[in-house]
Amino acid sequence: MSTDFGTFPARRMRRMRKDSFSRRLMQEHQLSKSDLIYPIFILDQDSAKEEVQSMPGVCRYGMNELLQVCEECLQFGIPAIALFPVVEADKKSLDAAEAYNSDGLVPKAVRAVKERFPELGIITDIALDPYTSHGHDGLLDDNGYVLNDATVGVLKRQAACHAEAGCDIVAPSDMMDGRIGAIRQTLDDHAHINTKILSYAAKYSSVFYGPFRDAVASAKSLGGSNKHTYQMDPANSNEALAEVALDISEGADMIMVKPGLPYLDIIRRLKDHFQIPTMAYQVSGEYSMLKAAALQSWLDERSSVLEALLCFKRAGSDAILTYFALDAAKWLQEGH
Ligand code: PBG
């Protein structure tokens, strides 16, 4: 920007802010319904609706309710949903074999949604944490360390299984090394050349995932354990560039930054550097903070949520995964 910007009183910055029309004309960024992705928790039941205790307003849905929510998403112009399964305890194991069961909950839900609403984009999570008895995203060795290459072998089968069921985008959220290349190769080998990969490339080991782990009941499995040996340290930023460079070279179509709001600097750095489709995840803890304040009437829900989502756009996100997606789409439709 030019430094020869004039000085007061010739330059009055408030002049352009005075009227609504000029504020609108100089607005640099906008949030639209097309920017929203709705994460949905699903249960292996025909009909169910259970509220997640630490996420008021967010529910786990059975198949019928899932289809109703999908219909609403389409009605309000949301381009895609992201499915997160709540897997029953007796289906969890050390080898996470349920992750690639073609009759499992995720493939079943994908088929059901695609049959009814083929135009709605479906993203599935590629990671083993819903399926392991210990709640980690991969297979463990005898010392409790998450094995990289053996885990990638299972992730490939999981991705192929989801693609076979008809999902549009697989989203590896596990942070194993080399998994994007391996998954791309497997998808191509199975003729799924148009199945897209959204890589959770810059995924931090964050405490803000707490309510999500309640929602999918993996907190119990994890116990006091953490994910520091595979997810990134919140102190780091250069490391995110290396992660993203690798994932792009391995074939990622889109990259993701997660969590969102405390990591806007990462979104901006990545977008400036790579200029590829960049998504952000406003994670469960961010939802719960805003929701809790709104429920106390300490914040106005609609304005604070729309402001936070707009800030993701300003930082460089092309789309945002948010548990507020349906509410936000409705508010945007109503105009504000
Ligand atoms: C699991 C996964 C997590 C989230 C999305 N996929 C949790 C974790 O890594 O422990 C968190 C999403 C949220 O908090 O909303 N691979």
# chains A, B, ... in the order shown; residues from 1 in each chain; ligands from 1

call {"tool": "residues_near_ligand", "arguments": {"ligand": "ligand 1", "cutoff": "6 Å", "atoms": "only C-alpha atoms and all ligand atoms", "output": "ChimeraX atom specification"}}
result
/A:127,129,137,173-174,209,212,283-284

call {"tool": "residues_around", "arguments": {"residues": "region 120-124 of chain A", "least_positions_apart": "3", "cutoff": "9 Å", "atoms": "only C-alpha atoms", "output": "VMD selection string"}}
result
chain A and resid 39 70 to 71 73 to 74 78 to 84 106 110 113 to 114 117 159 162 166 to 172 198

call {"tool": "write_last_selection", "arguments": {"atoms": "N, CA, C and O atoms", "output": "CSV table (one decimal), in the first residue's frame"}}
result
chain,number,residue,atom,x,y,z
A,39,PRO,N,-20.8,-29.9,9.6
A,39,PRO,CA,-20.4,-31.2,10.2
A,39,PRO,C,-21.6,-31.8,10.9
A,39,PRO,O,-22.2,-31.1,11.6
A,70,CYS,N,-30.1,-33.0,5.8
A,70,CYS,CA,-29.6,-32.8,4.5
A,70,CYS,C,-30.5,-32.0,3.6
A,70,CYS,O,-30.1,-31.1,2.8
A,71,GLU,N,-31.8,-32.3,3.7
A,71,GLU,CA,-32.8,-31.6,2.9
A,71,GLU,C,-32.8,-30.1,3.2
A,71,GLU,O,-32.8,-29.2,2.4
A,73,CYS,N,-30.2,-28.5,4.5
A,73,CYS,CA,-28.9,-27.9,4.0
A,73,CYS,C,-29.1,-27.5,2.5
A,73,CYS,O,-28.7,-26.4,2.1
A,74,LEU,N,-29.7,-28.3,1.7
A,74,LEU,CA,-29.9,-28.0,0.3
A,74,LEU,C,-30.9,-26.8,0.1
A,74,LEU,O,-30.6,-25.9,-0.6
A,78,ILE,N,-26.5,-24.7,1.4
A,78,ILE,CA,-25.2,-25.2,1.8
A,78,ILE,C,-24.6,-26.2,0.9
A,78,ILE,O,-25.3,-27.2,0.5
A,79,PRO,N,-23.4,-26.1,0.4
A,79,PRO,CA,-22.9,-26.9,-0.7
A,79,PRO,C,-22.5,-28.4,-0.2
A,79,PRO,O,-22.6,-29.3,-1.0
A,80,ALA,N,-22.1,-28.5,1.1
A,80,ALA,CA,-21.6,-29.8,1.5
A,80,ALA,C,-21.7,-30.1,3.0
A,80,ALA,O,-21.8,-29.1,3.8
A,81,ILE,N,-21.8,-31.3,3.3
A,81,ILE,CA,-21.8,-31.7,4.7
A,81,ILE,C,-20.6,-32.6,5.0
A,81,ILE,O,-19.9,-33.1,4.1
A,82,ALA,N,-20.2,-32.7,6.3
A,82,ALA,CA,-19.1,-33.6,6.7
A,82,ALA,C,-19.6,-34.5,7.7
A,82,ALA,O,-20.2,-34.1,8.7
A,83,LEU,N,-19.5,-35.8,7.5
A,83,LEU,CA,-20.0,-36.8,8.4
A,83,LEU,C,-19.0,-37.3,9.4
A,83,LEU,O,-17.9,-37.6,9.1
A,84,PHE,N,-19.5,-37.4,10.7
A,84,PHE,CA,-18.7,-37.9,11.8
A,84,PHE,C,-19.5,-39.0,12.5
A,84,PHE,O,-20.5,-38.7,13.1
A,106,VAL,N,-20.7,-45.1,8.3
A,106,VAL,CA,-20.4,-44.1,7.3
A,106,VAL,C,-20.8,-44.5,5.9
A,106,VAL,O,-21.6,-43.7,5.2
A,110,VAL,N,-23.6,-42.5,3.7
A,110,VAL,CA,-23.2,-41.9,2.4
A,110,VAL,C,-24.2,-42.4,1.3
A,110,VAL,O,-24.7,-41.6,0.5
A,113,VAL,N,-27.7,-40.8,1.7
A,113,VAL,CA,-27.8,-39.4,1.4
A,113,VAL,C,-27.6,-39.2,-0.1
A,113,VAL,O,-28.4,-38.4,-0.8
A,114,LYS,N,-26.7,-39.9,-0.7
A,114,LYS,CA,-26.4,-39.8,-2.2
A,114,LYS,C,-27.7,-40.2,-3.0
A,114,LYS,O,-28.0,-39.7,-4.0
A,117,PHE,N,-30.2,-37.2,-2.2
A,117,PHE,CA,-29.8,-35.9,-2.6
A,117,PHE,C,-28.4,-35.9,-3.3
A,117,PHE,O,-27.4,-35.5,-2.7
A,159,ALA,N,-10.4,-45.0,3.0
A,159,ALA,CA,-10.7,-44.0,1.9
A,159,ALA,C,-11.4,-44.8,0.8
A,159,ALA,O,-12.4,-44.2,0.2
A,162,HIS,N,-15.0,-45.6,1.6
A,162,HIS,CA,-15.9,-44.4,1.5
A,162,HIS,C,-16.1,-44.0,0.1
A,162,HIS,O,-17.3,-43.6,-0.3
A,166,GLY,N,-19.6,-43.8,-2.4
A,166,GLY,CA,-20.1,-42.6,-3.2
A,166,GLY,C,-19.8,-41.2,-2.6
A,166,GLY,O,-20.3,-40.2,-3.0
A,167,CYS,N,-18.9,-41.2,-1.6
A,167,CYS,CA,-18.6,-39.9,-1.0
A,167,CYS,C,-17.8,-39.1,-2.0
A,167,CYS,O,-17.1,-39.6,-2.9
A,168,ASP,N,-17.9,-37.7,-2.0
A,168,ASP,CA,-17.3,-36.9,-3.0
A,168,ASP,C,-15.9,-36.5,-2.6
A,168,ASP,O,-15.0,-36.2,-3.4
A,169,ILE,N,-15.7,-36.3,-1.3
A,169,ILE,CA,-14.4,-35.8,-0.7
A,169,ILE,C,-14.0,-36.6,0.5
A,169,ILE,O,-14.8,-36.8,1.4
A,170,VAL,N,-12.8,-37.2,0.4
A,170,VAL,CA,-12.3,-37.8,1.7
A,170,VAL,C,-11.4,-36.8,2.3
A,170,VAL,O,-10.6,-36.1,1.7
A,171,ALA,N,-11.5,-36.7,3.7
A,171,ALA,CA,-10.7,-35.7,4.4
A,171,ALA,C,-9.9,-36.4,5.5
A,171,ALA,O,-10.4,-36.6,6.6
A,172,PRO,N,-8.6,-36.7,5.2
A,172,PRO,CA,-7.8,-37.3,6.2
A,172,PRO,C,-7.5,-36.3,7.3
A,172,PRO,O,-6.9,-35.2,7.0
A,198,LEU,N,-9.4,-33.6,0.7
A,198,LEU,CA,-9.3,-32.4,1.5
A,198,LEU,C,-8.4,-32.8,2.7
A,198,LEU,O,-8.8,-33.5,3.6

call {"tool": "closest_residue", "arguments": {"among": "A:Pro9, A:Gly153, A:Gly57, A:Pro211", "to": "Arg179 (chain A)", "atoms": "only C-alpha atoms"}}
result
A:Gly153

call {"tool": "select_by_dssp", "arguments": {"residues": "region 113-159 of chain A", "states": "strand (DSSP E)", "output": "PyMOL selection string"}}
result
chain A and resi 121-126

call {"tool": "residues_around", "arguments": {"residues": "region 287-301 of chain A", "least_positions_apart": "2", "cutoff": "8 Å", "atoms": "only C-alpha atoms", "output": "ChimeraX atom specification"}}
result
/A:54-56,211,282-285,303-305,322-324

call {"tool": "residues_around", "arguments": {"residues": "Leu310 (chain A)", "least_positions_apart": "3", "cutoff": "6 Å", "atoms": "only C-alpha atoms", "output": "list in words"}}
result
Leu31, Glu307 and Lys313 of chain A

call {"tool": "residues_around", "arguments": {"residues": "region 217-222 of chain A", "least_positions_apart": "4", "cutoff": "10 Å", "atoms": "only C-alpha atoms", "output": "number ranges by chain"}}
result
A: 85-89, 92, 129-136, 209-213, 226-227

call {"tool": "write_last_selection", "arguments": {"atoms": "C-alpha atoms", "output": "CSV table (one decimal), in the first residue's frame"}}
result
chain,number,residue,atom,x,y,z
A,85,PRO,CA,-19.8,-41.3,13.1
A,86,VAL,CA,-20.5,-42.2,16.7
A,87,VAL,CA,-19.3,-45.8,16.7
A,88,GLU,CA,-20.7,-48.3,19.2
A,89,ALA,CA,-18.2,-49.5,21.8
A,92,LYS,CA,-14.1,-50.5,18.4
A,129,ASP,CA,-10.2,-42.5,16.3
A,130,PRO,CA,-13.9,-43.4,16.2
A,131,TYR,CA,-12.9,-47.1,15.6
A,132,THR,CA,-9.9,-47.7,17.9
A,133,SER,CA,-10.6,-48.9,21.5
A,134,HIS,CA,-8.0,-46.4,22.7
A,135,GLY,CA,-9.3,-43.4,20.8
A,136,HIS,CA,-6.1,-42.6,18.9
A,209,TYR,CA,-11.5,-30.4,20.3
A,210,GLY,CA,-12.8,-31.3,23.7
A,211,PRO,CA,-16.6,-31.1,23.0
A,212,PHE,CA,-16.1,-33.1,19.7
A,213,ARG,CA,-14.5,-35.9,21.6
A,226,ASN,CA,-3.1,-36.7,24.2
A,227,LYS,CA,-2.2,-36.5,20.4

call {"tool": "residues_around", "arguments": {"residues": "Met175 (chain A)", "least_positions_apart": "5", "cutoff": "12 Å", "atoms": "only C-alpha atoms", "output": "PyMOL selection string"}}
result
chain A and resi 126-129+136-138+146-149+151-152+155+180+199-205+227-232+240+243-244+246-247+256-258

call {"tool": "closest_residue", "arguments": {"among": "A:Ser20, A:Asn101, A:Gln333, A:Gln185", "to": "Ser34 (chain A)", "atoms": "only C-alpha atoms"}}
result
A:Gln333

call {"tool": "closest_residue", "arguments": {"among": "A:Asp125, A:Asp35, A:Glu98, A:Asp46", "to": "Glu65 (chain A)", "atoms": "only C-alpha atoms"}}
result
A:Asp46

call {"tool": "select_by_dssp", "arguments": {"residues": "region 258-296 of chain A", "states": "helix (DSSP H, G or I)", "output": "PDB file with N, CA, C and O atoms, in the first residue's frame"}}
result
ATOM      1  N   LEU A 261     -10.437 -19.964  14.663  1.00  0.00           N
ATOM      2  CA  LEU A 261     -10.258 -18.576  15.085  1.00  0.00           C
ATOM      3  C   LEU A 261      -8.910 -18.272  15.752  1.00  0.00           C
ATOM      4  O   LEU A 261      -8.319 -17.242  15.445  1.00  0.00           O
ATOM      5  N   PRO A 262      -8.384 -19.148  16.630  1.00  0.00           N
ATOM      6  CA  PRO A 262      -7.066 -18.787  17.200  1.00  0.00           C
ATOM      7  C   PRO A 262      -5.925 -18.985  16.197  1.00  0.00           C
ATOM      8  O   PRO A 262      -4.773 -18.706  16.516  1.00  0.00           O
ATOM      9  N   TYR A 263      -6.235 -19.465  14.988  1.00  0.00           N
ATOM     10  CA  TYR A 263      -5.196 -19.823  14.013  1.00  0.00           C
ATOM     11  C   TYR A 263      -5.351 -19.060  12.696  1.00  0.00           C
ATOM     12  O   TYR A 263      -4.891 -19.522  11.660  1.00  0.00           O
ATOM     13  N   LEU A 264      -5.980 -17.889  12.743  1.00  0.00           N
ATOM     14  CA  LEU A 264      -6.206 -17.126  11.511  1.00  0.00           C
ATOM     15  C   LEU A 264      -4.888 -16.724  10.845  1.00  0.00           C
ATOM     16  O   LEU A 264      -4.810 -16.578   9.627  1.00  0.00           O
ATOM     17  N   ASP A 265      -3.840 -16.530  11.664  1.00  0.00           N
ATOM     18  CA  ASP A 265      -2.531 -16.180  11.081  1.00  0.00           C
ATOM     19  C   ASP A 265      -2.009 -17.314  10.189  1.00  0.00           C
ATOM     20  O   ASP A 265      -1.365 -17.064   9.169  1.00  0.00           O
ATOM     21  N   ILE A 266      -2.317 -18.545  10.572  1.00  0.00           N
ATOM     22  CA  ILE A 266      -1.862 -19.702   9.783  1.00  0.00           C
ATOM     23  C   ILE A 266      -2.612 -19.733   8.448  1.00  0.00           C
ATOM     24  O   ILE A 266      -2.021 -19.947   7.395  1.00  0.00           O
ATOM     25  N   ILE A 267      -3.918 -19.487   8.508  1.00  0.00           N
ATOM     26  CA  ILE A 267      -4.716 -19.459   7.274  1.00  0.00           C
ATOM     27  C   ILE A 267      -4.127 -18.419   6.319  1.00  0.00           C
ATOM     28  O   ILE A 267      -3.901 -18.687   5.146  1.00  0.00           O
ATOM     29  N   ARG A 268      -3.861 -17.235   6.826  1.00  0.00           N
ATOM     30  CA  ARG A 268      -3.342 -16.160   5.973  1.00  0.00           C
ATOM     31  C   ARG A 268      -1.972 -16.531   5.381  1.00  0.00           C
ATOM     32  O   ARG A 268      -1.730 -16.355   4.192  1.00  0.00           O
ATOM     33  N   ARG A 269      -1.090 -17.068   6.200  1.00  0.00           N
ATOM     34  CA  ARG A 269       0.251 -17.443   5.687  1.00  0.00           C
ATOM     35  C   ARG A 269       0.134 -18.500   4.600  1.00  0.00           C
ATOM     36  O   ARG A 269       0.796 -18.441   3.579  1.00  0.00           O
ATOM     37  N   LEU A 270      -0.706 -19.494   4.846  1.00  0.00           N
ATOM     38  CA  LEU A 270      -0.837 -20.582   3.866  1.00  0.00           C
ATOM     39  C   LEU A 270      -1.453 -20.069   2.576  1.00  0.00           C
ATOM     40  O   LEU A 270      -1.008 -20.405   1.480  1.00  0.00           O
ATOM     41  N   LYS A 271      -2.474 -19.233   2.702  1.00  0.00           N
ATOM     42  CA  LYS A 271      -3.150 -18.736   1.505  1.00  0.00           C
ATOM     43  C   LYS A 271      -2.209 -17.872   0.677  1.00  0.00           C
ATOM     44  O   LYS A 271      -2.148 -17.983  -0.555  1.00  0.00           O
ATOM     45  N   ASP A 272      -1.432 -17.013   1.347  1.00  0.00           N
ATOM     46  CA  ASP A 272      -0.482 -16.169   0.624  1.00  0.00           C
ATOM     47  C   ASP A 272       0.562 -17.018  -0.088  1.00  0.00           C
ATOM     48  O   ASP A 272       0.967 -16.734  -1.201  1.00  0.00           O
ATOM     49  N   HIS A 273       0.996 -18.072   0.583  1.00  0.00           N
ATOM     50  CA  HIS A 273       2.099 -18.866   0.053  1.00  0.00           C
ATOM     51  C   HIS A 273       1.671 -19.833  -1.046  1.00  0.00           C
ATOM     52  O   HIS A 273       2.361 -19.985  -2.041  1.00  0.00           O
ATOM     53  N   PHE A 274       0.529 -20.492  -0.862  1.00  0.00           N
ATOM     54  CA  PHE A 274       0.191 -21.596  -1.781  1.00  0.00           C
ATOM     55  C   PHE A 274      -0.962 -21.293  -2.742  1.00  0.00           C
ATOM     56  O   PHE A 274      -1.079 -21.924  -3.784  1.00  0.00           O
ATOM     57  N   SER A 284     -15.289 -27.631  17.561  1.00  0.00           N
ATOM     58  CA  SER A 284     -16.325 -27.778  18.583  1.00  0.00           C
ATOM     59  C   SER A 284     -16.155 -26.800  19.750  1.00  0.00           C
ATOM     60  O   SER A 284     -17.136 -26.199  20.205  1.00  0.00           O
ATOM     61  N   GLY A 285     -14.926 -26.631  20.237  1.00  0.00           N
ATOM     62  CA  GLY A 285     -14.702 -25.739  21.381  1.00  0.00           C
ATOM     63  C   GLY A 285     -15.029 -24.293  21.045  1.00  0.00           C
ATOM     64  O   GLY A 285     -15.502 -23.532  21.901  1.00  0.00           O
ATOM     65  N   GLU A 286     -14.791 -23.914  19.787  1.00  0.00           N
ATOM     66  CA  GLU A 286     -15.135 -22.554  19.358  1.00  0.00           C
ATOM     67  C   GLU A 286     -16.647 -22.383  19.332  1.00  0.00           C
ATOM     68  O   GLU A 286     -17.193 -21.337  19.696  1.00  0.00           O
ATOM     69  N   TYR A 287     -17.327 -23.424  18.848  1.00  0.00           N
ATOM     70  CA  TYR A 287     -18.795 -23.407  18.864  1.00  0.00           C
ATOM     71  C   TYR A 287     -19.294 -23.243  20.293  1.00  0.00           C
ATOM     72  O   TYR A 287     -20.135 -22.386  20.591  1.00  0.00           O
ATOM     73  N   SER A 288     -18.763 -24.084  21.187  1.00  0.00           N
ATOM     74  CA  SER A 288     -19.280 -24.102  22.562  1.00  0.00           C
ATOM     75  C   SER A 288     -19.045 -22.768  23.269  1.00  0.00           C
ATOM     76  O   SER A 288     -19.897 -22.318  24.035  1.00  0.00           O
ATOM     77  N   MET A 289     -17.908 -22.143  23.003  1.00  0.00           N
ATOM     78  CA  MET A 289     -17.638 -20.840  23.639  1.00  0.00           C
ATOM     79  C   MET A 289     -18.661 -19.797  23.212  1.00  0.00           C
ATOM     80  O   MET A 289     -19.221 -19.082  24.047  1.00  0.00           O
ATOM     81  N   LEU A 290     -18.878 -19.713  21.896  1.00  0.00           N
ATOM     82  CA  LEU A 290     -19.829 -18.714  21.397  1.00  0.00           C
ATOM     83  C   LEU A 290     -21.239 -19.024  21.885  1.00  0.00           C
ATOM     84  O   LEU A 290     -21.993 -18.140  22.302  1.00  0.00           O
ATOM     85  N   LYS A 291     -21.593 -20.316  21.829  1.00  0.00           N
ATOM     86  CA  LYS A 291     -22.939 -20.723  22.216  1.00  0.00           C
ATOM     87  C   LYS A 291     -23.182 -20.456  23.703  1.00  0.00           C
ATOM     88  O   LYS A 291     -24.256 -19.969  24.084  1.00  0.00           O
ATOM     89  N   ALA A 292     -22.187 -20.772  24.518  1.00  0.00           N
ATOM     90  CA  ALA A 292     -22.353 -20.581  25.967  1.00  0.00           C
ATOM     91  C   ALA A 292     -22.573 -19.099  26.278  1.00  0.00           C
ATOM     92  O   ALA A 292     -23.450 -18.743  27.072  1.00  0.00           O
ATOM     93  N   ALA A 293     -21.778 -18.239  25.643  1.00  0.00           N
ATOM     94  CA  ALA A 293     -21.938 -16.800  25.890  1.00  0.00           C
ATOM     95  C   ALA A 293     -23.294 -16.314  25.384  1.00  0.00           C
ATOM     96  O   ALA A 293     -23.950 -15.484  26.026  1.00  0.00           O
ATOM     97  N   ALA A 294     -23.725 -16.865  24.239  1.00  0.00           N
ATOM     98  CA  ALA A 294     -25.024 -16.457  23.684  1.00  0.00           C
ATOM     99  C   ALA A 294     -26.156 -16.895  24.614  1.00  0.00           C
ATOM    100  O   ALA A 294     -27.109 -16.142  24.846  1.00  0.00           O
ATOM    101  N   LEU A 295     -26.047 -18.110  25.158  1.00  0.00           N
ATOM    102  CA  LEU A 295     -27.106 -18.623  26.037  1.00  0.00           C
ATOM    103  C   LEU A 295     -27.232 -17.785  27.311  1.00  0.00           C
ATOM    104  O   LEU A 295     -28.285 -17.731  27.930  1.00  0.00           O
TER     105      LEU A 295
END

call {"tool": "closest_residue", "arguments": {"among": "A:Ser237, A:Ser32, A:Gln75, A:Thr186", "to": "Ala328 (chain A)", "atoms": "only C-alpha atoms"}}
result
A:Ser32

call {"tool": "closest_residue", "arguments": {"among": "A:Ala109, A:Ile248, A:Ile40, A:Ile255", "to": "Val52 (chain A)", "atoms": "only C-alpha atoms"}}
result
A:Ile40

call {"tool": "atom_distance", "arguments": {"atom1": "CA of Ser249 (chain A)", "atom2": "CA of Ala182 (chain A)"}}
result
11.9 Å

call {"tool": "residues_around", "arguments": {"residues": "Trp331 (chain A)", "least_positions_apart": "3", "cutoff": "10 Å", "atoms": "only C-alpha atoms", "output": "PyMOL selection string"}}
result
chain A and resi 33+76+302-303+306+325-328+334-336

call {"tool": "atom_distance", "arguments": {"atom1": "CA of Asp177 (chain A)", "atom2": "CA of Met279 (chain A)"}}
result
20.1 Å

call {"tool": "closest_residue", "arguments": {"among": "A:Leu309, A:Ala280, A:Ile183, A:Leu139", "to": "Ala252 (chain A)", "atoms": "only C-alpha atoms"}}
result
A:Ile183
